[in-house]
Amino acid sequence: MPHSLLKAEAMDRSQANPAGHSPQHAAADTPFSQSATARPALAAVGPRGAAQQQLAQTLQHSPRVVAQRARMAGMHKPAVALPARPVAQRLIINAGADTLLDEARKPSGWITMKTLDVGLHMDGGGRVVELGQVDPSHTVGTDENIFIVGHGAAGKVAAIDPGVLAVKLKPILPKPWKGFIAGLTCNAGLAAPGASKSGGEQLHDALGGAPVIAARGSTFTHMDIDMAIRVLKDDKNYASDFRRYFFLQIPFTFAEERELLIESLPQRTALFKSKGASDLHELFEKCVGQINTTGAAFQRIITTKDLSKLDERAKESQQIDAAHNDVNKQWLDYMKTGATDLPAMASQATVLSKSFYEVAVAYGDKHQLFHDVNSKEEFQYHET
């Protein structure tokens with residue numbers, strides 16, 4: 001990862017405009033945009049059913065995705081104006097384990113909030129509600145869609161059992177209904193270990209065949225990256241990947257590994273203290289993506305290490321980790337202002353995380369961590 005890209009994006013962040021894109025955005029996007037020009041447009045892949053076509057239209061008409069495509073083609077505006085859509089996505093539901101405000105108060109709260117920003121820009125906006133607040137007054141129109149946000153897991157839709165989610169959704173779905181449910185959430189298109197059906201498929205079944213679109217892996221959602229939604233291959237863990245290449249070239253001692261594990265995962269202290277050197281190192285490798293690199297222990301230990309001999313990928317990984325921590329810090333500083341307006345918070349999360357995501361997605365593309373855009377492995381489509 002060229003250091004110049006990280007530097008350019010850091011400079012661009014200070015000039016970012018949450019309502020649109022300045023000329024500085026176009027210039028700073030150039031290195032990443034060039035790597036993305038070969039990706040086909042979603043709608044050009046060919047229909048895989050009504051639900052997919054609707055999703056393609058939704059994404060294609062998102063104003064900031066259109067602007068991104070224009071920059072990738074070296075233009076200042078789309079060559080052909082896209083026709084207006086009569087359908088407006090109306091409802092965004094948070095089905096995460098915490099409310100959006102509680103999630104936003106965490107150091108990495110910006111991750112969910114910039115996902116919310118993607119949903120808010122789909123077809124020009126929508127209402128935002130917590131799952132527990134959903135009631136019949138939130139009924140969607142015949143052609144309107146529902147987006148789900150919140151951290152997710154295999155076999156679930158966000159953090160919710162699909163059957164429970166279906167009970168909340170049934171009263172607000174009209175008959176007939178021509179919309180779809182799309183998860184801006186991780187792993188809804190994957191089945192839990194030992195199970196046969198993904199969370200998305202279970203939701204589809206529980207709703208009597210309603211169209212559901214679910215990602216086959218962790219999602220990267222950001223209004224300034226190509227297509228707004230990218231999906232990690234289902235055997236990849238992004239944080240573990242880049243930290244593994246960084247950390248495993250650093251000669252941590254047994255005591256240092258144990259200290260880092262205890263600081264990062266204090267609830268497992270007894271386990272870490274019971275392990276010998278080889279067993280602990282194996283645990284360290286498994287937990288490397290969860291190591292707290294902003295903690296006092298890591299900051300003290302890393303200053304004693306010679307990092308000059310890191311290879312290229314380890315240096316890229318180090319830059320990504322530093323960029324992620326920088327966004328955490330800026331986000332917490334922003335939240336100290338007492339922010340509570342969700343759309344404004346979502347917009348700010350997009351602005352603050354832009355430089356990180358440009359570098360992170362370029363890294364993922366370079367090292368083949370993502371499914372190919374538009375491939376059948378990227379999303380599950382469960383149609384009526």
# chains A, B, ... in the order shown; residues from 1 in each chain; ligands from 1
$ residues_around --residues "Asp102 (chain A)" --least-positions-apart "4" --cutoff "12 Å" --atoms "only C-alpha atoms" --output "short mmCIF file (atom, residue, chain, number, x, y, z; two decimals) with N, CA and C atoms, in the first residue's frame"
data_model
loop_
_atom_site.label_atom_id
_atom_site.label_comp_id
_atom_site.auth_asym_id
_atom_site.auth_seq_id
_atom_site.Cartn_x
_atom_site.Cartn_y
_atom_site.Cartn_z
N ASN A 94 -32.69 -1.10 12.82
CA ASN A 94 -31.51 -1.57 13.54
C ASN A 94 -31.86 -2.83 14.30
N GLY A 96 -29.33 -4.76 15.60
CA GLY A 96 -28.10 -5.10 16.31
C GLY A 96 -28.37 -5.38 17.78
N ALA A 97 -27.33 -5.84 18.48
CA ALA A 97 -27.48 -6.17 19.90
C ALA A 97 -27.70 -4.92 20.75
N ASP A 98 -27.20 -3.77 20.30
CA ASP A 98 -27.34 -2.50 21.02
C ASP A 98 -28.11 -1.51 20.17
N LYS A 106 -19.39 3.61 21.39
CA LYS A 106 -18.20 2.76 21.46
C LYS A 106 -17.10 3.34 20.58
N PRO A 107 -15.82 2.99 20.86
CA PRO A 107 -14.73 3.51 20.01
C PRO A 107 -14.92 3.22 18.53
N SER A 108 -15.48 2.06 18.19
CA SER A 108 -15.68 1.71 16.79
C SER A 108 -17.14 1.89 16.38
N GLY A 109 -17.86 2.76 17.08
CA GLY A 109 -19.26 2.99 16.75
C GLY A 109 -19.49 3.52 15.36
N TRP A 110 -18.47 4.14 14.78
CA TRP A 110 -18.58 4.68 13.43
C TRP A 110 -18.82 3.58 12.39
N THR A 112 -20.93 0.98 12.45
CA THR A 112 -22.36 0.83 12.21
C THR A 112 -22.97 2.12 11.67
N MET A 113 -22.47 3.27 12.13
CA MET A 113 -23.08 4.53 11.72
C MET A 113 -22.84 4.83 10.24
N GLU A 130 -35.50 1.47 15.77
CA GLU A 130 -34.96 0.31 16.46
C GLU A 130 -35.96 -0.85 16.32
N GLY A 150 -26.83 -3.22 11.68
CA GLY A 150 -26.39 -3.80 12.95
C GLY A 150 -25.35 -4.87 12.70
N MET A 335 -18.04 12.24 19.41
CA MET A 335 -19.14 11.85 20.29
C MET A 335 -19.12 12.62 21.60
N ALA A 339 -23.37 14.37 20.45
CA ALA A 339 -24.15 14.09 19.24
C ALA A 339 -25.23 13.05 19.50
N THR A 340 -26.45 13.31 19.01
CA THR A 340 -27.56 12.36 19.14
C THR A 340 -28.39 12.27 17.86
N LEU A 342 -29.12 10.99 14.52
CA LEU A 342 -28.60 9.83 13.80
C LEU A 342 -28.16 10.13 12.37
#
$ residues_around --residues "Leu190 (chain A)" --least-positions-apart "6" --cutoff "10 Å" --atoms "only C-alpha atoms" --output "short mmCIF file (atom, residue, chain, number, x, y, z; two decimals) with C-alpha atoms, in the first residue's frame"
data_model
loop_
_atom_site.label_atom_id
_atom_site.label_comp_id
_atom_site.auth_asym_id
_atom_site.auth_seq_id
_atom_site.Cartn_x
_atom_site.Cartn_y
_atom_site.Cartn_z
CA ALA A 153 -23.40 -13.28 12.64
CA ALA A 154 -23.88 -16.44 10.56
CA GLY A 155 -27.35 -17.89 10.97
CA LYS A 156 -28.83 -14.56 12.05
CA VAL A 157 -29.94 -11.31 10.44
CA SER A 196 -28.12 -25.89 6.64
CA LYS A 197 -29.83 -22.52 6.21
CA SER A 198 -28.49 -19.01 6.45
CA GLY A 199 -30.16 -16.27 8.44
CA GLY A 200 -31.42 -14.74 5.21
CA GLU A 201 -32.97 -17.99 4.04
CA ALA A 214 -28.16 -11.47 2.39
CA ALA A 215 -24.36 -11.11 2.27
CA ARG A 216 -22.21 -14.25 2.18
CA GLY A 217 -19.61 -12.80 4.55
CA SER A 218 -18.69 -9.64 6.43
CA ASP A 234 -16.69 -16.11 4.01
CA PHE A 379 -24.98 -12.34 -1.95
CA GLN A 380 -27.76 -14.85 -1.46
#
$ residues_around --residues "Pro343 (chain A)" --least-positions-apart "2" --cutoff "9 Å" --atoms "only C-alpha atoms" --output "PyMOL selection string"
chain A and resi 113+116-117+120+128+341+345-348
$ residues_around --residues "Leu265 (chain A)" --least-positions-apart "5" --cutoff "9 Å" --atoms "only C-alpha atoms" --output "PyMOL selection string"
chain A and resi 260+290-292
$ write_last_selection --atoms "N, CA and C atoms" --output "PDB file, in the first residue's frame"
ATOM      1  N   LEU A 260      -0.751  -8.836  26.333  1.00  0.00           N
ATOM      2  CA  LEU A 260      -1.610  -8.275  25.291  1.00  0.00           C
ATOM      3  C   LEU A 260      -2.971  -8.961  25.261  1.00  0.00           C
ATOM      4  N   GLN A 290      -8.360  -9.406  17.605  1.00  0.00           N
ATOM      5  CA  GLN A 290      -9.019  -8.746  18.739  1.00  0.00           C
ATOM      6  C   GLN A 290      -8.026  -8.022  19.653  1.00  0.00           C
ATOM      7  N   ILE A 291      -6.749  -8.067  19.322  1.00  0.00           N
ATOM      8  CA  ILE A 291      -5.757  -7.394  20.161  1.00  0.00           C
ATOM      9  C   ILE A 291      -5.987  -5.884  20.130  1.00  0.00           C
ATOM     10  N   ASN A 292      -6.006  -5.287  21.303  1.00  0.00           N
ATOM     11  CA  ASN A 292      -6.230  -3.845  21.433  1.00  0.00           C
ATOM     12  C   ASN A 292      -4.927  -3.104  21.177  1.00  0.00           C
TER      13      ASN A 292
END
$ select_by_dssp --residues "region 110-318 of chain A" --states "alpha helix (DSSP H)" --output "PDB file with C-alpha atoms, in the first residue's frame"
ATOM      1  CA  TRP A 110     -18.582   4.679  13.429  1.00  0.00           C
ATOM      2  CA  ILE A 111     -18.615   1.254  11.745  1.00  0.00           C
ATOM      3  CA  THR A 112     -22.364   0.827  12.212  1.00  0.00           C
ATOM      4  CA  MET A 113     -23.077   4.527  11.716  1.00  0.00           C
ATOM      5  CA  LYS A 114     -21.467   4.752   8.266  1.00  0.00           C
ATOM      6  CA  THR A 115     -23.474   1.627   7.349  1.00  0.00           C
ATOM      7  CA  LEU A 116     -26.559   3.577   8.370  1.00  0.00           C
ATOM      8  CA  ASP A 117     -25.391   6.354   6.039  1.00  0.00           C
ATOM      9  CA  VAL A 118     -25.455   3.905   3.129  1.00  0.00           C
ATOM     10  CA  GLY A 119     -29.061   3.020   3.962  1.00  0.00           C
ATOM     11  CA  LEU A 120     -30.044   6.664   4.316  1.00  0.00           C
ATOM     12  CA  HIS A 121     -28.750   7.420   0.824  1.00  0.00           C
ATOM     13  CA  PRO A 162     -34.648 -14.744  11.907  1.00  0.00           C
ATOM     14  CA  GLY A 163     -37.874 -16.114  13.379  1.00  0.00           C
ATOM     15  CA  VAL A 164     -38.025 -13.295  15.928  1.00  0.00           C
ATOM     16  CA  LEU A 165     -37.325 -10.722  13.207  1.00  0.00           C
ATOM     17  CA  ALA A 166     -40.091 -12.197  11.053  1.00  0.00           C
ATOM     18  CA  VAL A 167     -42.633 -11.763  13.862  1.00  0.00           C
ATOM     19  CA  LYS A 168     -41.774  -8.039  13.995  1.00  0.00           C
ATOM     20  CA  LEU A 169     -41.890  -7.598  10.212  1.00  0.00           C
ATOM     21  CA  GLY A 199     -30.159 -16.267   8.440  1.00  0.00           C
ATOM     22  CA  GLY A 200     -31.420 -14.736   5.213  1.00  0.00           C
ATOM     23  CA  GLU A 201     -32.967 -17.991   4.038  1.00  0.00           C
ATOM     24  CA  GLN A 202     -34.594 -18.580   7.431  1.00  0.00           C
ATOM     25  CA  LEU A 203     -36.099 -15.085   7.316  1.00  0.00           C
ATOM     26  CA  HIS A 204     -37.328 -15.721   3.779  1.00  0.00           C
ATOM     27  CA  ASP A 205     -39.034 -18.927   4.914  1.00  0.00           C
ATOM     28  CA  ALA A 206     -40.491 -17.392   8.073  1.00  0.00           C
ATOM     29  CA  TYR A 238     -10.332  -8.659   7.877  1.00  0.00           C
ATOM     30  CA  ALA A 239      -8.848  -7.583  11.207  1.00  0.00           C
ATOM     31  CA  SER A 240      -7.189 -10.949  11.765  1.00  0.00           C
ATOM     32  CA  ASP A 241      -5.742 -10.856   8.269  1.00  0.00           C
ATOM     33  CA  PHE A 242      -3.977  -7.530   8.438  1.00  0.00           C
ATOM     34  CA  ARG A 243      -2.931  -7.877  12.063  1.00  0.00           C
ATOM     35  CA  ARG A 244      -1.593 -11.375  11.481  1.00  0.00           C
ATOM     36  CA  TYR A 245       0.822 -10.129   8.827  1.00  0.00           C
ATOM     37  CA  PHE A 246       1.830  -7.242  11.069  1.00  0.00           C
ATOM     38  CA  PHE A 247       2.046  -9.008  14.415  1.00  0.00           C
ATOM     39  CA  PHE A 254       5.638 -15.215  25.953  1.00  0.00           C
ATOM     40  CA  ALA A 255       5.049 -12.634  28.696  1.00  0.00           C
ATOM     41  CA  GLU A 256       4.218  -9.928  26.150  1.00  0.00           C
ATOM     42  CA  GLU A 257       1.710 -12.121  24.304  1.00  0.00           C
ATOM     43  CA  ARG A 258      -0.006 -12.964  27.567  1.00  0.00           C
ATOM     44  CA  GLU A 259      -0.114  -9.316  28.631  1.00  0.00           C
ATOM     45  CA  LEU A 260      -1.610  -8.275  25.291  1.00  0.00           C
ATOM     46  CA  LEU A 261      -4.246 -10.999  25.451  1.00  0.00           C
ATOM     47  CA  ILE A 262      -5.224 -10.116  29.023  1.00  0.00           C
ATOM     48  CA  GLU A 263      -5.475  -6.418  28.225  1.00  0.00           C
ATOM     49  CA  SER A 264      -7.563  -7.072  25.116  1.00  0.00           C
ATOM     50  CA  THR A 269      -7.622 -13.775  31.964  1.00  0.00           C
ATOM     51  CA  ALA A 270      -7.765 -17.080  33.860  1.00  0.00           C
ATOM     52  CA  LEU A 271      -7.475 -19.028  30.595  1.00  0.00           C
ATOM     53  CA  PHE A 272      -4.474 -17.045  29.405  1.00  0.00           C
ATOM     54  CA  LYS A 273      -2.679 -17.422  32.737  1.00  0.00           C
ATOM     55  CA  SER A 274      -3.148 -21.207  32.634  1.00  0.00           C
ATOM     56  CA  ALA A 277       4.187 -20.813  25.881  1.00  0.00           C
ATOM     57  CA  SER A 278       3.233 -22.938  22.845  1.00  0.00           C
ATOM     58  CA  ASP A 279      -0.466 -23.138  23.716  1.00  0.00           C
ATOM     59  CA  LEU A 280      -0.599 -19.429  24.471  1.00  0.00           C
ATOM     60  CA  HIS A 281       1.055 -18.566  21.151  1.00  0.00           C
ATOM     61  CA  GLU A 282      -1.585 -20.638  19.354  1.00  0.00           C
ATOM     62  CA  LEU A 283      -4.292 -18.699  21.192  1.00  0.00           C
ATOM     63  CA  PHE A 284      -2.541 -15.439  20.357  1.00  0.00           C
ATOM     64  CA  GLU A 285      -2.648 -16.278  16.644  1.00  0.00           C
ATOM     65  CA  LYS A 286      -6.355 -17.094  16.859  1.00  0.00           C
ATOM     66  CA  ALA A 296      -1.240   0.918  27.225  1.00  0.00           C
ATOM     67  CA  ALA A 297       0.390  -2.510  27.058  1.00  0.00           C
ATOM     68  CA  PHE A 298       0.588  -2.569  23.265  1.00  0.00           C
ATOM     69  CA  GLN A 299       1.827   1.009  23.063  1.00  0.00           C
ATOM     70  CA  ARG A 300       4.568   0.293  25.599  1.00  0.00           C
ATOM     71  CA  ILE A 301       5.630  -3.024  24.075  1.00  0.00           C
ATOM     72  CA  ILE A 302       5.686  -1.865  20.459  1.00  0.00           C
ATOM     73  CA  GLU A 312       5.697  -4.963   2.320  1.00  0.00           C
ATOM     74  CA  ARG A 313       2.441  -6.615   3.397  1.00  0.00           C
ATOM     75  CA  ALA A 314       3.271  -6.207   7.072  1.00  0.00           C
ATOM     76  CA  LYS A 315       3.917  -2.500   6.490  1.00  0.00           C
ATOM     77  CA  GLU A 316       0.583  -2.201   4.660  1.00  0.00           C
ATOM     78  CA  SER A 317      -1.079  -3.939   7.582  1.00  0.00           C
ATOM     79  CA  GLN A 318       0.560  -1.613  10.086  1.00  0.00           C
TER      80      GLN A 318
END
$ atom_distance --atom1 "CA of His324 (chain A)" --atom2 "CA of Thr350 (chain A)"
13.2 Å
$ residues_around --residues "Arg127 (chain A)" --least-positions-apart "4" --cutoff "9 Å" --atoms "only C-alpha atoms" --output "VMD selection string"
chain A and resid 89 to 93 120 138
$ closest_residue --among "A:Thr219, A:Glu103, A:Pro176, A:Ile146" --to "Leu369 (chain A)" --atoms "only C-alpha atoms"
A:Thr219
$ select_by_dssp --residues "region 81-268 of chain A" --states "strand (DSSP E)" --output "PDB file with N, CA and C atoms, in the first residue's frame"
ATOM      1  N   LEU A  91     -37.787   2.354   5.074  1.00  0.00           N
ATOM      2  CA  LEU A  91     -37.584   1.904   6.441  1.00  0.00           C
ATOM      3  C   LEU A  91     -36.221   1.251   6.626  1.00  0.00           C
ATOM      4  N   ILE A  92     -35.469   1.758   7.608  1.00  0.00           N
ATOM      5  CA  ILE A  92     -34.197   1.168   8.019  1.00  0.00           C
ATOM      6  C   ILE A  92     -34.380   0.706   9.462  1.00  0.00           C
ATOM      7  N   ILE A  93     -34.120  -0.565   9.711  1.00  0.00           N
ATOM      8  CA  ILE A  93     -34.334  -1.138  11.037  1.00  0.00           C
ATOM      9  C   ILE A  93     -32.996  -1.563  11.625  1.00  0.00           C
ATOM     10  N   ASN A  94     -32.695  -1.100  12.824  1.00  0.00           N
ATOM     11  CA  ASN A  94     -31.511  -1.570  13.539  1.00  0.00           C
ATOM     12  C   ASN A  94     -31.865  -2.831  14.299  1.00  0.00           C
ATOM     13  N   ARG A 127     -36.933   6.253   6.921  1.00  0.00           N
ATOM     14  CA  ARG A 127     -37.083   6.337   8.366  1.00  0.00           C
ATOM     15  C   ARG A 127     -36.148   5.344   9.040  1.00  0.00           C
ATOM     16  N   VAL A 128     -35.684   5.682  10.234  1.00  0.00           N
ATOM     17  CA  VAL A 128     -34.793   4.807  11.000  1.00  0.00           C
ATOM     18  C   VAL A 128     -35.473   4.457  12.310  1.00  0.00           C
ATOM     19  N   VAL A 129     -35.599   3.161  12.598  1.00  0.00           N
ATOM     20  CA  VAL A 129     -36.217   2.734  13.849  1.00  0.00           C
ATOM     21  C   VAL A 129     -35.427   1.588  14.457  1.00  0.00           C
ATOM     22  N   GLU A 130     -35.504   1.471  15.772  1.00  0.00           N
ATOM     23  CA  GLU A 130     -34.957   0.305  16.461  1.00  0.00           C
ATOM     24  C   GLU A 130     -35.959  -0.848  16.315  1.00  0.00           C
ATOM     25  N   ILE A 146     -37.075  -2.651   2.760  1.00  0.00           N
ATOM     26  CA  ILE A 146     -36.618  -2.578   4.150  1.00  0.00           C
ATOM     27  C   ILE A 146     -35.132  -2.926   4.180  1.00  0.00           C
ATOM     28  N   PHE A 147     -34.345  -2.116   4.885  1.00  0.00           N
ATOM     29  CA  PHE A 147     -32.923  -2.392   5.070  1.00  0.00           C
ATOM     30  C   PHE A 147     -32.654  -2.657   6.550  1.00  0.00           C
ATOM     31  N   ILE A 148     -31.828  -3.653   6.813  1.00  0.00           N
ATOM     32  CA  ILE A 148     -31.480  -4.022   8.181  1.00  0.00           C
ATOM     33  C   ILE A 148     -30.029  -3.634   8.439  1.00  0.00           C
ATOM     34  N   VAL A 149     -29.773  -2.943   9.558  1.00  0.00           N
ATOM     35  CA  VAL A 149     -28.406  -2.603   9.954  1.00  0.00           C
ATOM     36  C   VAL A 149     -28.110  -3.212  11.320  1.00  0.00           C
ATOM     37  N   ILE A 181     -36.246  -7.216   1.348  1.00  0.00           N
ATOM     38  CA  ILE A 181     -35.496  -6.948   2.573  1.00  0.00           C
ATOM     39  C   ILE A 181     -34.026  -7.175   2.257  1.00  0.00           C
ATOM     40  N   ALA A 182     -33.185  -6.192   2.554  1.00  0.00           N
ATOM     41  CA  ALA A 182     -31.754  -6.323   2.299  1.00  0.00           C
ATOM     42  C   ALA A 182     -30.989  -6.072   3.592  1.00  0.00           C
ATOM     43  N   GLY A 183     -30.052  -6.934   3.877  1.00  0.00           N
ATOM     44  CA  GLY A 183     -29.233  -6.773   5.069  1.00  0.00           C
ATOM     45  C   GLY A 183     -27.959  -6.008   4.781  1.00  0.00           C
ATOM     46  N   VAL A 212     -35.508 -11.765   0.125  1.00  0.00           N
ATOM     47  CA  VAL A 212     -34.474 -11.377   1.091  1.00  0.00           C
ATOM     48  C   VAL A 212     -33.114 -11.447   0.406  1.00  0.00           C
ATOM     49  N   ILE A 213     -32.306 -10.427   0.616  1.00  0.00           N
ATOM     50  CA  ILE A 213     -30.957 -10.370   0.062  1.00  0.00           C
ATOM     51  C   ILE A 213     -29.988 -10.367   1.234  1.00  0.00           C
ATOM     52  N   ALA A 214     -29.036 -11.300   1.233  1.00  0.00           N
ATOM     53  CA  ALA A 214     -28.158 -11.466   2.390  1.00  0.00           C
ATOM     54  C   ALA A 214     -26.716 -11.679   1.942  1.00  0.00           C
ATOM     55  N   ALA A 215     -25.773 -11.039   2.637  1.00  0.00           N
ATOM     56  CA  ALA A 215     -24.360 -11.112   2.271  1.00  0.00           C
ATOM     57  C   ALA A 215     -23.731 -12.419   2.729  1.00  0.00           C
ATOM     58  N   THR A 219     -19.575  -7.531   5.676  1.00  0.00           N
ATOM     59  CA  THR A 219     -19.799  -6.462   4.705  1.00  0.00           C
ATOM     60  C   THR A 219     -18.948  -5.241   5.006  1.00  0.00           C
ATOM     61  N   PHE A 220     -18.488  -4.614   3.943  1.00  0.00           N
ATOM     62  CA  PHE A 220     -17.822  -3.310   4.013  1.00  0.00           C
ATOM     63  C   PHE A 220     -18.781  -2.330   3.348  1.00  0.00           C
ATOM     64  N   THR A 221     -19.395  -1.473   4.141  1.00  0.00           N
ATOM     65  CA  THR A 221     -20.371  -0.529   3.607  1.00  0.00           C
ATOM     66  C   THR A 221     -19.864   0.894   3.798  1.00  0.00           C
ATOM     67  N   ILE A 229     -21.334  -1.336  -1.149  1.00  0.00           N
ATOM     68  CA  ILE A 229     -21.300  -2.538  -0.327  1.00  0.00           C
ATOM     69  C   ILE A 229     -20.295  -3.519  -0.925  1.00  0.00           C
ATOM     70  N   ARG A 230     -19.328  -3.948  -0.142  1.00  0.00           N
ATOM     71  CA  ARG A 230     -18.390  -4.999  -0.540  1.00  0.00           C
ATOM     72  C   ARG A 230     -18.507  -6.126   0.480  1.00  0.00           C
ATOM     73  N   VAL A 231     -18.242  -7.351   0.040  1.00  0.00           N
ATOM     74  CA  VAL A 231     -18.423  -8.513   0.908  1.00  0.00           C
ATOM     75  C   VAL A 231     -17.144  -9.328   0.969  1.00  0.00           C
TER      76      VAL A 231
END
$ atom_distance --atom1 "CA of Ala228 (chain A)" --atom2 "CA of Gly141 (chain A)"
24.6 Å
